[in-house]
file final04.txt (compact mmCIF, C-alpha atoms)
# COMPACT_ATOMS: atom_id res chain seq x y z
CA MET P 1 62.65 189.26 48.81
CA GLY P 2 65.92 191.05 48.01
CA SER P 3 65.98 194.11 45.76
CA THR P 4 68.25 192.37 43.24
CA VAL P 5 65.71 189.59 42.75
CA ARG P 6 62.83 192.09 42.47
CA VAL P 7 64.62 194.14 39.83
CA ASP P 8 65.60 191.02 37.90
CA LEU P 9 62.03 189.69 37.83
CA ALA P 10 60.61 193.06 36.80
CA ALA P 11 63.28 193.49 34.12
CA LYS P 12 62.61 190.07 32.62
CA ARG P 13 58.88 190.69 32.55
CA LEU P 14 59.39 194.15 31.00
CA THR P 15 61.59 192.64 28.30
CA ALA P 16 58.98 189.96 27.59
CA LEU P 17 56.21 192.54 27.33
CA LEU P 18 58.20 194.68 24.90
CA ALA P 19 58.41 191.64 22.61
CA GLU P 20 54.61 191.36 22.47
CA PRO P 21 53.03 192.75 19.26
CA ARG P 22 51.13 195.66 20.86
CA TYR P 23 54.36 197.11 22.32
CA ARG P 24 56.77 195.78 19.73
CA ARG P 25 55.04 197.85 17.05
CA ARG P 26 55.89 201.04 18.94
CA TRP P 27 59.64 200.50 18.98
CA GLN P 28 60.01 198.56 15.75
CA ARG P 29 59.14 201.61 13.66
CA HIS P 30 62.38 203.16 14.96
CA SER P 31 64.47 200.09 14.14
CA SER P 32 66.27 199.44 10.87
CA VAL P 33 66.00 195.70 11.55
CA ARG P 34 62.41 194.62 11.10
CA ARG P 35 62.97 191.16 12.53
CA GLY P 36 65.23 190.04 15.30
CA GLU P 37 65.92 190.81 18.91
CA LEU P 38 64.79 193.81 20.87
CA SER P 39 66.53 197.02 19.75
CA ARG P 40 67.55 199.12 22.73
CA ALA P 41 68.19 202.11 20.47
CA ALA P 42 64.64 201.82 19.14
CA VAL P 43 63.22 201.51 22.67
CA ALA P 44 65.22 204.60 23.67
CA ALA P 45 63.68 206.45 20.72
CA VAL P 46 60.18 205.68 22.02
CA LEU P 47 61.09 206.94 25.49
CA ALA P 48 62.68 210.08 24.05
CA GLY P 49 59.61 210.74 21.92
CA HIS P 50 57.38 210.53 24.97
CA LEU P 51 59.61 212.90 26.95
CA TYR P 52 59.49 215.40 24.10
CA GLU P 53 55.71 215.12 23.72
CA THR P 54 55.19 215.77 27.43
CA GLY P 55 57.55 218.76 27.41
CA GLU P 56 60.10 217.17 29.71
CA VAL P 57 62.89 217.61 27.15
CA GLY P 58 63.47 219.90 24.18
CA MET P 59 64.19 219.22 20.53
CA GLU P 60 67.92 219.13 21.25
CA HIS P 61 67.51 215.97 23.36
CA ARG P 62 69.05 212.91 21.71
CA PRO P 63 67.50 209.42 22.09
CA ARG P 64 71.04 207.99 22.29
CA SER P 65 71.40 209.55 25.74
CA LEU P 66 68.76 207.11 27.00
CA GLU P 67 70.31 203.92 25.60
CA ASN P 68 72.43 203.16 28.68
CA ARG P 69 69.39 203.71 30.88
CA VAL P 70 67.39 201.30 28.73
CA GLY P 71 70.20 198.75 28.81
CA ARG P 72 70.50 198.86 32.61
CA ALA P 73 66.74 198.48 32.98
CA LEU P 74 66.36 195.53 30.63
CA ASN P 75 69.48 193.78 31.96
CA GLY P 76 68.13 194.02 35.49
CA ASP P 77 71.16 196.06 36.60
CA ARG P 78 69.08 199.05 37.66
CA LEU P 79 65.37 199.74 37.34
CA SER P 80 64.04 202.62 39.41
CA ASP P 81 60.39 203.55 39.90
CA ARG P 82 60.93 206.61 37.73
CA THR P 83 62.39 204.59 34.87
CA LEU P 84 59.64 201.99 35.09
CA GLU P 85 56.95 204.70 34.98
CA LEU P 86 58.64 206.14 31.89
CA PHE P 87 58.39 202.77 30.13
CA ILE P 88 54.76 202.38 31.19
CA ALA P 89 53.77 205.83 29.93
CA ALA P 90 55.84 205.81 26.73
CA PHE P 91 54.47 202.45 25.61
CA ALA P 92 50.91 203.17 26.84
CA MET P 93 50.89 199.90 28.77
CA THR P 94 47.62 198.42 29.96
CA ASP P 95 46.64 198.85 33.59
CA GLN P 96 47.12 195.12 34.12
CA HIS P 97 50.67 195.12 32.75
CA ALA P 98 51.56 198.35 34.57
CA ASP P 99 50.33 197.03 37.92
CA GLU P 100 52.13 193.74 37.36
CA LEU P 101 55.46 195.46 36.68
CA ARG P 102 55.14 197.84 39.64
CA ALA P 103 54.27 194.98 41.93
CA LEU P 104 57.13 192.77 40.74
CA LEU P 105 59.57 195.63 41.28
CA HIS P 106 58.30 196.07 44.86
CA GLY P 107 58.07 192.35 45.63
CA GLN P 108 54.31 192.34 46.11
CA PRO P 109 52.62 191.46 42.81
CA VAL P 110 48.92 192.25 42.56
CA THR P 111 48.06 188.55 42.44
CA GLU P 112 50.14 187.94 45.58
CA PRO P 113 52.64 185.46 44.11
CA LEU P 114 55.06 183.68 46.34
CA ILE P 115 58.60 184.44 45.21
CA VAL P 116 60.29 181.12 45.83
CA PHE P 117 63.85 182.48 45.91
CA ASP P 118 63.74 183.54 49.53
CA ALA P 119 60.07 183.37 50.51
CA ILE P 120 59.91 179.67 51.33
CA SER P 121 58.72 178.95 54.86
CA GLY P 122 61.08 176.00 55.29
CA GLU P 123 61.02 172.29 54.54
CA ARG P 124 58.29 169.74 55.12
CA PRO P 125 56.97 166.56 53.52
CA ARG P 126 54.72 166.84 50.52
CA PRO P 127 51.08 166.66 51.71
CA PRO P 128 48.78 163.84 50.57
CA ARG P 129 47.05 164.50 47.25
CA THR P 130 43.50 165.79 47.77
CA VAL P 131 42.63 166.66 44.15
CA ARG P 132 43.30 165.11 40.77
CA THR P 133 43.77 166.80 37.40
CA LEU P 134 41.15 166.02 34.75
CA GLN P 135 42.32 168.46 32.09
CA VAL P 136 45.49 170.53 31.77
CA ALA P 137 46.78 173.07 29.25
CA GLU P 138 50.26 174.56 29.57
CA HIS P 139 51.91 177.35 27.60
CA HIS P 140 55.70 177.57 27.99
CA GLU P 141 57.66 180.59 26.69
CA LEU P 142 61.41 180.87 26.09
CA GLY P 143 63.00 184.32 26.27
CA PRO P 144 65.80 185.89 24.20
CA GLU P 145 68.45 184.46 26.56
CA ARG P 146 67.30 180.89 25.70
CA SER P 147 65.90 180.47 29.22
CA PRO P 148 62.27 179.91 30.26
CA ALA P 149 60.58 183.27 30.75
CA ARG P 150 56.95 182.47 31.54
CA HIS P 151 54.74 179.44 32.00
CA VAL P 152 50.93 179.51 32.13
CA THR P 153 48.98 176.52 33.48
CA ARG P 154 45.22 176.01 33.20
CA GLN P 155 43.67 173.00 34.95
CA LEU P 156 40.32 171.39 35.66
CA LEU P 157 40.60 169.80 39.08
CA GLU P 158 38.40 167.26 40.87
CA ALA P 159 38.48 166.71 44.64
CA VAL P 160 39.19 163.17 45.80
CA GLU P 161 38.43 164.22 49.38
CA ALA P 162 37.12 167.36 51.05
CA THR P 163 39.72 170.10 50.61
CA ASP P 164 40.35 173.79 50.10
CA ARG P 165 43.99 173.44 48.93
CA TYR P 166 46.01 172.57 45.83
CA GLN P 167 49.77 171.96 45.83
CA TYR P 168 51.68 173.17 42.77
CA VAL P 169 54.93 171.20 42.61
CA PHE P 170 57.95 172.15 40.48
CA ASP P 171 61.68 171.52 40.37
CA THR P 172 63.44 174.91 40.38
CA PRO P 173 63.92 177.67 42.97
CA HIS P 174 64.28 180.28 40.21
CA ALA P 175 60.59 181.05 39.95
CA ALA P 176 57.76 183.29 41.08
CA VAL P 177 54.20 181.97 41.10
CA SER P 178 50.97 183.92 40.80
CA VAL P 179 47.39 182.66 40.62
CA THR P 180 45.11 184.40 38.13
CA THR P 181 41.92 182.33 38.51
CA GLY P 182 40.52 180.06 41.19
CA GLY P 183 42.68 180.61 44.26
CA THR P 184 45.35 182.46 46.24
CA PRO P 185 48.92 181.31 47.03
CA VAL P 186 49.35 181.06 50.80
CA ASP P 187 52.63 179.24 51.42
CA ALA P 188 55.76 177.87 49.75
CA PHE P 189 58.15 175.21 51.00
CA ARG P 190 60.77 172.72 49.90
CA VAL P 191 60.30 168.96 50.05
CA PRO P 192 63.26 167.61 52.07
CA GLY P 193 65.61 165.19 50.34
CA SER P 194 64.34 166.14 46.89
CA PRO P 195 64.75 168.87 44.24
CA LEU P 196 61.05 169.79 44.59
CA TRP P 197 59.42 173.01 45.74
CA VAL P 198 55.72 173.40 46.52
CA VAL P 199 53.46 176.42 46.35
CA GLU P 200 50.29 175.80 48.32
CA ILE P 201 47.21 177.45 46.81
CA ARG P 202 44.03 178.05 48.78
CA LEU P 203 41.06 177.52 46.48
CA ASP P 204 38.40 180.23 46.21
CA GLU P 205 35.71 177.68 47.12
CA PRO P 206 36.21 174.55 49.26
CA LEU P 207 35.49 171.29 47.42
CA LEU P 208 33.67 168.14 48.47
CA PRO P 209 34.66 164.78 46.93
CA GLY P 210 33.72 164.72 43.25
CA GLN P 211 33.34 168.49 42.91
CA THR P 212 35.44 170.31 40.31
CA THR P 213 37.02 173.73 39.88
CA HIS P 214 39.16 175.60 37.36
CA LEU P 215 42.57 176.92 38.37
CA GLU P 216 44.95 179.09 36.36
CA PHE P 217 48.37 180.21 37.48
CA ARG P 218 51.51 181.69 35.99
CA THR P 219 55.15 180.95 36.75
CA THR P 220 57.75 183.63 35.96
CA PHE P 221 61.33 182.38 35.78
CA SER P 222 64.67 184.02 36.49
CA TYR P 223 67.33 181.40 35.79
CA PRO P 224 70.95 182.58 36.25
CA GLU P 225 71.90 180.38 33.27
CA PRO P 226 69.80 178.51 30.68
CA PRO P 227 68.62 175.11 32.02
CA ARG P 228 68.37 171.90 30.00
CA PRO P 229 66.72 172.57 26.61
CA GLU P 230 63.45 170.77 27.30
CA PHE P 231 59.88 171.23 28.49
CA ARG P 232 58.04 168.17 29.74
CA ARG P 233 54.99 167.27 31.76
CA GLY P 234 54.25 164.14 33.77
CA VAL P 235 50.60 163.11 33.79
CA THR P 236 48.64 160.32 35.40
CA ALA P 237 46.01 158.00 33.99
CA GLY P 238 43.23 160.24 35.32
CA VAL P 239 44.07 163.09 32.94
CA ARG P 240 41.45 163.13 30.17
CA HIS P 241 42.96 165.87 28.03
CA LEU P 242 46.47 167.33 27.76
CA ALA P 243 47.52 170.36 25.70
CA LEU P 244 51.10 171.64 25.59
CA THR P 245 52.52 174.65 23.74
CA VAL P 246 56.10 175.83 23.68
CA ARG P 247 56.95 179.22 22.17
CA PHE P 248 60.41 180.63 21.40
CA HIS P 249 61.46 184.27 21.30
CA PRO P 250 62.15 185.43 17.70
CA SER P 251 65.82 186.06 18.51
CA ALA P 252 66.28 182.61 20.10
CA ALA P 253 64.86 180.17 17.59
CA PRO P 254 66.26 176.63 18.07
CA ARG P 255 67.98 174.69 15.31
CA GLU P 256 65.70 171.69 15.87
CA VAL P 257 62.66 170.89 18.03
CA LEU P 258 61.54 167.36 18.86
CA ARG P 259 58.33 166.08 20.42
CA ALA P 260 59.49 163.60 23.04
CA ARG P 261 58.44 160.97 25.56
CA TRP P 262 60.44 160.01 28.64
CA ASP P 263 60.17 156.72 30.54
CA ASP P 264 59.66 158.55 33.84
CA VAL P 265 60.33 161.88 35.53
CA ALA P 266 63.83 160.76 36.61
CA SER P 267 64.96 159.98 33.03
CA THR P 268 67.44 162.46 31.60
CA GLU P 269 67.13 161.37 27.96
CA PRO P 270 63.87 160.77 26.06
CA ALA P 271 62.89 157.25 25.07
CA GLU P 272 61.29 158.61 21.89
CA ALA P 273 61.80 161.86 19.99
CA VAL P 274 60.27 163.01 16.70
CA PRO P 275 61.21 166.28 14.92
CA VAL P 276 58.44 168.87 14.59
CA SER P 277 58.15 172.22 12.83
CA LEU P 278 57.62 175.63 14.38
CA VAL P 279 54.82 177.86 13.14
CA GLY P 280 55.06 181.44 14.28
CA GLY P 281 57.81 180.46 16.70
CA GLN P 282 55.75 177.82 18.48
CA THR P 283 54.55 174.22 18.37
CA SER P 284 51.65 172.52 20.16
CA LEU P 285 50.18 169.12 20.89
CA GLU P 286 46.84 167.87 22.21
CA LEU P 287 46.11 164.32 23.26
CA VAL P 288 44.28 161.98 25.59
CA PRO P 289 47.15 160.42 27.56
CA GLY P 290 45.48 157.06 28.24
CA GLY P 291 47.84 156.23 31.11
CA ASP P 292 50.80 157.49 33.11
CA CYS P 293 53.34 159.24 30.88
CA VAL P 294 55.95 162.00 30.66
CA ILE P 295 55.66 163.95 27.44
CA GLY P 296 56.86 167.26 26.04
CA TYR P 297 59.56 168.79 23.89
CA THR P 298 63.31 168.96 23.68
CA TRP P 299 65.35 171.14 21.32
CA ARG P 300 68.84 171.90 20.03
CA TRP P 301 70.27 175.38 19.66
call {"tool": "encode", "arguments": {"input": "final04.txt", "output": "structure tokens"}}
result
Amino acid sequence: MGSTVRVDLAAKRLTALLAEPRYRRRWQRHSSVRRGELSRAAVAAVLAGHLYETGEVGMEHRPRSLENRVGRALNGDRLSDRTLELFIAAFAMTDQHADELRALLHGQPVTEPLIVFDAISGERPRPPRTVRTLQVAEHHELGPERSPARHVTRQLLEAVEATDRYQYVFDTPHAAVSVTTGGTPVDAFRVPGSPLWVVEIRLDEPLLPGQTTHLEFRTTFSYPEPPRPEFRRGVTAGVRHLALTVRFHPSAAPREVLRARWDDVASTEPAEAVPVSLVGGQTSLELVPGGDCVIGYTWRW
């Protein structure tokens, strides 16, 4: 994986983490704007405070001198190991978050994700389905640039034949996939003649027909430009429970959000769309599908 991609993924994840409450509180106290997008000046103030507390700089050091460094890091223009460690220490990041950022920057995340940009092994047909999804919950997050930032999927799977694999299929190359529970990613490839990519996950325990397992994985995105303003999921009649959540960054709230249903995965416009409200920047749905369907959300900026 190229260094530009590594830096971009690490920068996007760092930006997302700084928006989370436990880290946001640290920089927000230095910001005159209590709500809104991430303040680079406020982040620079946190870094400067840490450098002063550790004796690396004196009282004459100005936080403003760090603002360009912060900007380059969060934009993905330049993020060195030294700068990343400064962020980790200044914001007292958890070991999990620190390890994740270090690994993304070096192209070898702790959960061994397959970075689809240039890690695909080639093209081959999509393998026959060996498991079916009984339950699925998905949490989709939009970042400050109005692009998908992170997607978490939790599934209950049932084997329809003896297997030790699950194929995660998606429709963008701008993604990195990591498995947090239930398996390990072992390969990635493109399905020829289609816009689909597949990450093959080896399950922790092989399954016999009828046996079930839980699987959780995360997709981190790095779109060069915002994609279509929608999040949708196709499900089959075997799915007994579906839960979808979409969450928007505080600085990128949409003008309108609609719960929608599409006729099929190839449809570009929804067949039905009903406006919904956001609570805390997010909206959710839970349902028993009762048959094949494509359901989700679309929005207008």
call {"tool": "residues_near_point", "arguments": {"input": "final04.txt", "point": "(55.7, 161.8, 35.8)", "cutoff": "9 Å", "atoms": "all atoms listed in the file", "output": "list in words"}}
result
Arg233, Gly234, Val235, Thr236, Trp262, Asp263, Asp264, Val265, Ala266, Asp292, Cys293, Val294 and Ile295 of chain P
call {"tool": "write_last_selection", "arguments": {"input": "final04.txt", "atoms": "C-alpha atoms", "output": "short mmCIF file (atom, residue, chain, number, x, y, z; two decimals), keeping the file's coordinate frame"}}
result
data_model
loop_
_atom_site.label_atom_id
_atom_site.label_comp_id
_atom_site.auth_asym_id
_atom_site.auth_seq_id
_atom_site.Cartn_x
_atom_site.Cartn_y
_atom_site.Cartn_z
CA ARG P 233 54.99 167.27 31.76
CA GLY P 234 54.25 164.14 33.77
CA VAL P 235 50.60 163.11 33.79
CA THR P 236 48.64 160.32 35.40
CA TRP P 262 60.44 160.01 28.64
CA ASP P 263 60.17 156.72 30.54
CA ASP P 264 59.66 158.55 33.84
CA VAL P 265 60.33 161.88 35.53
CA ALA P 266 63.83 160.76 36.61
CA ASP P 292 50.80 157.49 33.11
CA CYS P 293 53.34 159.24 30.88
CA VAL P 294 55.95 162.00 30.66
CA ILE P 295 55.66 163.95 27.44
#
call {"tool": "residues_around", "arguments": {"input": "final04.txt", "residues": "Leu157 (chain P)", "least_positions_apart": "3", "cutoff": "8 Å", "atoms": "all atoms listed in the file", "output": "JSON, numbers by chain"}}
result
{"P": [131, 132, 133, 134, 135, 212, 213, 214, 215]}
call {"tool": "residues_around", "arguments": {"input": "final04.txt", "residues": "region 72-86 of chain P", "least_positions_apart": "2", "cutoff": "8 Å", "atoms": "only C-alpha atoms", "output": "list in words"}}
result
Thr4, Val7, Asp8, Leu9, Ala10, Ala11, Lys12, Leu14, Thr15, Leu47, Asn68, Arg69, Val70, Ile88, Ala89, Ala90, Leu101 and Arg102 of chain P
call {"tool": "write_last_selection", "arguments": {"input": "final04.txt", "atoms": "C-alpha atoms", "output": "PDB file, in the frame of the given file"}}
result
ATOM      1  CA  THR P   4      68.250 192.370  43.240  1.00  0.00           C
ATOM      2  CA  VAL P   7      64.620 194.140  39.830  1.00  0.00           C
ATOM      3  CA  ASP P   8      65.600 191.020  37.900  1.00  0.00           C
ATOM      4  CA  LEU P   9      62.030 189.690  37.830  1.00  0.00           C
ATOM      5  CA  ALA P  10      60.610 193.060  36.800  1.00  0.00           C
ATOM      6  CA  ALA P  11      63.280 193.490  34.120  1.00  0.00           C
ATOM      7  CA  LYS P  12      62.610 190.070  32.620  1.00  0.00           C
ATOM      8  CA  LEU P  14      59.390 194.150  31.000  1.00  0.00           C
ATOM      9  CA  THR P  15      61.590 192.640  28.300  1.00  0.00           C
ATOM     10  CA  LEU P  47      61.090 206.940  25.490  1.00  0.00           C
ATOM     11  CA  ASN P  68      72.430 203.160  28.680  1.00  0.00           C
ATOM     12  CA  ARG P  69      69.390 203.710  30.880  1.00  0.00           C
ATOM     13  CA  VAL P  70      67.390 201.300  28.730  1.00  0.00           C
ATOM     14  CA  ILE P  88      54.760 202.380  31.190  1.00  0.00           C
ATOM     15  CA  ALA P  89      53.770 205.830  29.930  1.00  0.00           C
ATOM     16  CA  ALA P  90      55.840 205.810  26.730  1.00  0.00           C
ATOM     17  CA  LEU P 101      55.460 195.460  36.680  1.00  0.00           C
ATOM     18  CA  ARG P 102      55.140 197.840  39.640  1.00  0.00           C
TER      19      ARG P 102
END
call {"tool": "closest_residue", "arguments": {"input": "final04.txt", "among": "P:Glu269, P:Glu286, P:Glu200, P:Glu158", "to": "Pro127 (chain P)", "atoms": "all atoms listed in the file"}}
result
P:Glu200
call {"tool": "atom_distance", "arguments": {"input": "final04.txt", "atom1": "CA of Trp197 (chain P)", "atom2": "CA of Ala252 (chain P)"}}
result
28.2 Å
call {"tool": "axis_aligned_box", "arguments": {"input": "final04.txt", "around": "region 122-134 of chain P", "padding_each_side": "8 Å", "output": "JSON"}}
result
{"center_x": 51.1, "center_y": 169.9, "center_z": 45.0, "size_x": 35.9, "size_y": 28.2, "size_z": 36.5}
call {"tool": "atom_distance", "arguments": {"input": "final04.txt", "atom1": "CA of Leu242 (chain P)", "atom2": "CA of Ile201 (chain P)"}}
result
21.6 Å
call {"tool": "residues_around", "arguments": {"input": "final04.txt", "residues": "Glu145 (chain P)", "least_positions_apart": "3", "cutoff": "10 Å", "atoms": "all atoms listed in the file", "output": "PyMOL selection string"}}
result
chain P and resi 142+148-149+223+225-226+249+251-252
call {"tool": "decode", "arguments": {"input": "final04.txt", "residues": "region 190-204 of chain P", "atoms": "N, CA, C and O atoms", "output": "compact mmCIF listing (two decimals), in the first residue's frame"}}
result
# COMPACT_ATOMS: atom_id res chain seq x y z
N ARG P 190 -11.46 -8.49 -6.99
CA ARG P 190 -12.54 -7.83 -7.72
C ARG P 190 -13.30 -8.88 -8.52
O ARG P 190 -12.71 -9.83 -9.05
N VAL P 191 -14.63 -8.70 -8.59
CA VAL P 191 -15.46 -9.59 -9.40
C VAL P 191 -15.46 -9.05 -10.83
O VAL P 191 -15.89 -7.92 -11.07
N PRO P 192 -14.94 -9.80 -11.79
CA PRO P 192 -14.83 -9.29 -13.16
C PRO P 192 -16.19 -8.94 -13.76
O PRO P 192 -17.20 -9.60 -13.48
N GLY P 193 -16.18 -7.87 -14.57
CA GLY P 193 -17.40 -7.44 -15.24
C GLY P 193 -18.43 -6.83 -14.33
O GLY P 193 -19.60 -6.75 -14.68
N SER P 194 -18.01 -6.39 -13.14
CA SER P 194 -18.95 -5.80 -12.19
C SER P 194 -18.23 -4.72 -11.38
O SER P 194 -17.00 -4.66 -11.38
N PRO P 195 -18.99 -3.89 -10.64
CA PRO P 195 -18.36 -2.87 -9.79
C PRO P 195 -18.10 -3.40 -8.38
O PRO P 195 -17.93 -2.60 -7.45
N LEU P 196 -18.06 -4.72 -8.21
CA LEU P 196 -18.00 -5.31 -6.87
C LEU P 196 -16.58 -5.74 -6.49
O LEU P 196 -15.83 -6.25 -7.32
N TRP P 197 -16.27 -5.53 -5.22
CA TRP P 197 -15.04 -6.03 -4.61
C TRP P 197 -15.43 -6.97 -3.48
O TRP P 197 -16.49 -6.82 -2.87
N VAL P 198 -14.58 -7.92 -3.20
CA VAL P 198 -14.85 -8.93 -2.16
C VAL P 198 -13.66 -9.02 -1.22
O VAL P 198 -12.52 -9.12 -1.67
N VAL P 199 -13.93 -8.96 0.07
CA VAL P 199 -12.94 -9.31 1.07
C VAL P 199 -13.35 -10.66 1.65
O VAL P 199 -14.47 -10.81 2.15
N GLU P 200 -12.45 -11.62 1.55
CA GLU P 200 -12.73 -12.96 2.05
C GLU P 200 -12.24 -13.05 3.50
O GLU P 200 -11.08 -12.76 3.80
N ILE P 201 -13.13 -13.46 4.39
CA ILE P 201 -12.84 -13.54 5.81
C ILE P 201 -12.83 -15.00 6.25
O ILE P 201 -13.80 -15.73 6.01
N ARG P 202 -11.73 -15.42 6.86
CA ARG P 202 -11.66 -16.77 7.42
C ARG P 202 -12.25 -16.73 8.83
O ARG P 202 -11.80 -15.97 9.69
N LEU P 203 -13.27 -17.53 9.07
CA LEU P 203 -13.94 -17.54 10.36
C LEU P 203 -13.04 -18.17 11.43
O LEU P 203 -12.24 -19.06 11.15
N ASP P 204 -13.21 -17.71 12.67
CA ASP P 204 -12.41 -18.24 13.77
C ASP P 204 -12.65 -19.74 13.98
O ASP P 204 -11.73 -20.49 14.31
